[in-house]
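*Asks:* I'd like to ask you about the structure that follows.
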Amino acid sequence: MRATGSPPRESRAALREASHFSEWSVDDVVAWLRREHNVSDEVLRSVEENHVTGPLLPELDDAAWVELGMTSALKRAKVRLGVNEILAAPPPPSTAILHRVPIVNVFYDLLFDDVPPQMDAVKSTLDTIALLAALFLTIAMAIPASVDFDEVNAARARFDSLPYSAYTTGDELAQAFVFTSALSTYMLGSALIATVVALVSLVVTEDEVSKSDEVRLRYWGYARWATLWAIATLIAGVVTCFFSFNRLVFIKLPDIALERSGAAGLGSITSTITGFRVIAYGMLLFTLFFTFWLMGMGKTSAHKYMMDQVGQRPKRVSTIRQGSGLKKAWSAESSTDAGAAAAASSQ
């Protein structure tokens, strides 16, 4: 057994390699107890003999530590507090490059992060998606119902003659209206169905899923794709719903600007065919891109601030979530500097 005190570099390296708290070996536990709590060699030897690993640490109560030879009540309290801090410590910001790229980082946590979210957060997200999908589904289904057969045929005849036929034909307009109306309904319906199924599944399995980070991780590895599908179909359904409304305007209302001038350029804002189409595509696509960009920039700024905060605070110990869960890491550089400073001050 090594003398108590600061562990050598190889011990710290071994701890850094322990990818999950529940995967700590006996050596990892011994190194942590020696490093963080200056536990005596006798207790450390007892820990080794009883094969105390990472998964067992949170289960050790006061009596168990006494059985392992830790007679000091204060020391036992500190060790239990240290274990609780490891379990409860929030994860530091991700160091992945994709987490710093605007727009991409908005979906990074959903697609790539291996830290499972809390089930309450997932449930709240699914509730919001279901509410929006149901709301827009009502609108999407009402749009084609607001046009009767005679109105569609009248619009087809109007667009089969000049000046309307120079931009699109009546059949093309009718087909576009049917396509966008149906697509928006199916997309929003798909989002609603996926969300309802995910919510029911979550309610049924919540007690089992919430048992540990590892169980939530395995569940989230598949459940995230259902959530992503619900989000993607919701956004696509909302966009196509607006396109359907755009075609509805073409069918229901005459283009006064086009009929007066006989032609309408892209800059003719008052034209329902050219101006409204530019506004529809421009505003929707610009809003979609610009909103994601702003959210991504906000996340990038927050990530940079958290990285700066991590770099500024003393690095006695950091609890890092990586891979499948918690990971313990010591900063060899900071501890070396601290040791050098202490030696200098003692002289």
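Following the order of the structure tokens, first chain is A, next is B, and so on, with residues numbered from 1 inside each chain and ligands from 1 in the order they appear.
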Any idea what's packed within 6 Å of stretch 236-253 of chain A, counting only C-alpha atoms, ignoring anything in its chain fewer than 2 positions away? Could you give it as a PyMOL selection string?
*Replies:* chain A and resi 140+155+177+180-181+184+187-188+233-234
*Asks:* Write out as a PyMOL selection string which residues come within 7 Å of stretch 127-132 of chain A when counting only C-alpha atoms, dropping same-chain ones fewer than 3 positions away.
*Replies:* chain A and resi 123-124+135-136+192+195+231
*Asks:* Could the residues in this selection be saved with C-alpha atoms as an mmCIF file, in the first residue's frame?
*Replies:*
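The new file selection26.cif reads:
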data_model
loop_
_atom_site.group_PDB
_atom_site.id
_atom_site.type_symbol
_atom_site.label_atom_id
_atom_site.label_comp_id
_atom_site.auth_asym_id
_atom_site.auth_seq_id
_atom_site.Cartn_x
_atom_site.Cartn_y
_atom_site.Cartn_z
ATOM 1 C CA LYS A 123 -42.472 14.917 -20.892
ATOM 2 C CA SER A 124 -42.775 18.716 -20.908
ATOM 3 C CA LEU A 135 -53.542 23.271 -32.914
ATOM 4 C CA PHE A 136 -51.997 23.451 -36.383
ATOM 5 C CA LEU A 192 -49.275 14.233 -32.996
ATOM 6 C CA THR A 195 -45.946 12.425 -29.496
ATOM 7 C CA ILE A 231 -40.135 17.951 -33.877
#
*Asks:* Could you work out how far atom CA of A:Gly221 lies from atom CA of A:Tyr186, giving the answer in Å with one decimal?
*Replies:*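 Between atom CA of A:Tyr186 and atom CA of A:Gly221 the gap works out to 26.2 Å.
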*Asks:* Nearest to A:Ala176 among A:Arg35, A:Pro144, A:Ile139, A:Phe149, with distances taken over only C-alpha atoms: which residue is it?
*Replies:*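 Residue with the minimum atom-to-atom distance to A:Ala176: A:Pro144.
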*Asks:* By how many Å are atom CA of A:Gly298 and atom CA of A:Ile279 apart?
*Replies:*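 Between atom CA of A:Gly298 and atom CA of A:Ile279 the gap works out to 27.0 Å.
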*Asks:* How many Å separate atom CA of A:Ala31 from atom CA of A:Ala73?
*Replies:* 20.9 Å
*Asks:* With DSSP run on the backbone, what are the helix (DSSP H, G or I) residues within stretch 44-293 of chain A? I'd like them as an NGL selection string.
*Replies:* :A and (44-49 or 54-59 or 62-67 or 73-88 or 97-100 or 104-106 or 108-111 or 119-145 or 149-159 or 164-166 or 170-209 or 213-252 or 256-261 or 275-293)
*Asks:* Pick out the residues sitting within 8 Å of stretch 48-56 of chain A, and hand them over as a list in words; count only C-alpha atoms, and ignore anything fewer than 2 positions along from it in its own chain.
*Replies:*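 Contacts, with the query itself left out: Phe21, Ser22, Glu23, Trp24, Ser25, Val26, Asp27, Asp28, Val29, Val30, Leu44, Arg45, Ser46, Pro58, Glu59 and Leu60 of chain A.
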*Asks:* Go ahead and write the residues just picked, N, CA and C atoms, as a PDB file, in the first residue's frame.
*Replies:*
ATOM      1  N   PHE A  21     -19.173   6.541 -13.267  1.00  0.00           N
ATOM      2  CA  PHE A  21     -19.054   6.319 -11.829  1.00  0.00           C
ATOM      3  C   PHE A  21     -19.369   4.870 -11.480  1.00  0.00           C
ATOM      4  N   SER A  22     -20.368   4.310 -12.142  1.00  0.00           N
ATOM      5  CA  SER A  22     -20.751   2.925 -11.857  1.00  0.00           C
ATOM      6  C   SER A  22     -19.735   1.927 -12.395  1.00  0.00           C
ATOM      7  N   GLU A  23     -18.758   2.395 -13.160  1.00  0.00           N
ATOM      8  CA  GLU A  23     -17.737   1.513 -13.716  1.00  0.00           C
ATOM      9  C   GLU A  23     -16.402   1.645 -12.995  1.00  0.00           C
ATOM     10  N   TRP A  24     -16.367   2.442 -11.933  1.00  0.00           N
ATOM     11  CA  TRP A  24     -15.113   2.567 -11.187  1.00  0.00           C
ATOM     12  C   TRP A  24     -14.690   1.209 -10.643  1.00  0.00           C
ATOM     13  N   SER A  25     -13.426   0.935 -10.778  1.00  0.00           N
ATOM     14  CA  SER A  25     -12.868  -0.288 -10.194  1.00  0.00           C
ATOM     15  C   SER A  25     -12.498  -0.040  -8.740  1.00  0.00           C
ATOM     16  N   VAL A  26     -12.028  -1.080  -8.078  1.00  0.00           N
ATOM     17  CA  VAL A  26     -11.567  -0.928  -6.695  1.00  0.00           C
ATOM     18  C   VAL A  26     -10.413   0.071  -6.629  1.00  0.00           C
ATOM     19  N   ASP A  27      -9.504  -0.001  -7.595  1.00  0.00           N
ATOM     20  CA  ASP A  27      -8.368   0.931  -7.613  1.00  0.00           C
ATOM     21  C   ASP A  27      -8.832   2.377  -7.764  1.00  0.00           C
ATOM     22  N   ASP A  28      -9.868   2.587  -8.576  1.00  0.00           N
ATOM     23  CA  ASP A  28     -10.404   3.939  -8.741  1.00  0.00           C
ATOM     24  C   ASP A  28     -10.978   4.458  -7.428  1.00  0.00           C
ATOM     25  N   VAL A  29     -11.712   3.599  -6.719  1.00  0.00           N
ATOM     26  CA  VAL A  29     -12.299   3.996  -5.441  1.00  0.00           C
ATOM     27  C   VAL A  29     -11.214   4.293  -4.426  1.00  0.00           C
ATOM     28  N   VAL A  30     -10.202   3.446  -4.365  1.00  0.00           N
ATOM     29  CA  VAL A  30      -9.088   3.654  -3.429  1.00  0.00           C
ATOM     30  C   VAL A  30      -8.378   4.970  -3.733  1.00  0.00           C
ATOM     31  N   LEU A  44      -8.229   1.755   3.514  1.00  0.00           N
ATOM     32  CA  LEU A  44      -8.056   1.489   2.089  1.00  0.00           C
ATOM     33  C   LEU A  44      -7.794   0.012   1.843  1.00  0.00           C
ATOM     34  N   ARG A  45      -7.037  -0.614   2.734  1.00  0.00           N
ATOM     35  CA  ARG A  45      -6.783  -2.050   2.600  1.00  0.00           C
ATOM     36  C   ARG A  45      -8.083  -2.831   2.775  1.00  0.00           C
ATOM     37  N   SER A  46      -8.934  -2.385   3.689  1.00  0.00           N
ATOM     38  CA  SER A  46     -10.220  -3.034   3.905  1.00  0.00           C
ATOM     39  C   SER A  46     -11.132  -2.856   2.692  1.00  0.00           C
ATOM     40  N   PRO A  58     -22.338   4.434  -3.449  1.00  0.00           N
ATOM     41  CA  PRO A  58     -23.543   5.134  -2.968  1.00  0.00           C
ATOM     42  C   PRO A  58     -24.392   4.301  -2.005  1.00  0.00           C
ATOM     43  N   GLU A  59     -24.169   2.987  -1.988  1.00  0.00           N
ATOM     44  CA  GLU A  59     -24.967   2.111  -1.131  1.00  0.00           C
ATOM     45  C   GLU A  59     -24.387   1.970   0.266  1.00  0.00           C
ATOM     46  N   LEU A  60     -23.166   2.434   0.481  1.00  0.00           N
ATOM     47  CA  LEU A  60     -22.522   2.274   1.785  1.00  0.00           C
ATOM     48  C   LEU A  60     -23.078   3.279   2.778  1.00  0.00           C
TER      49      LEU A  60
END
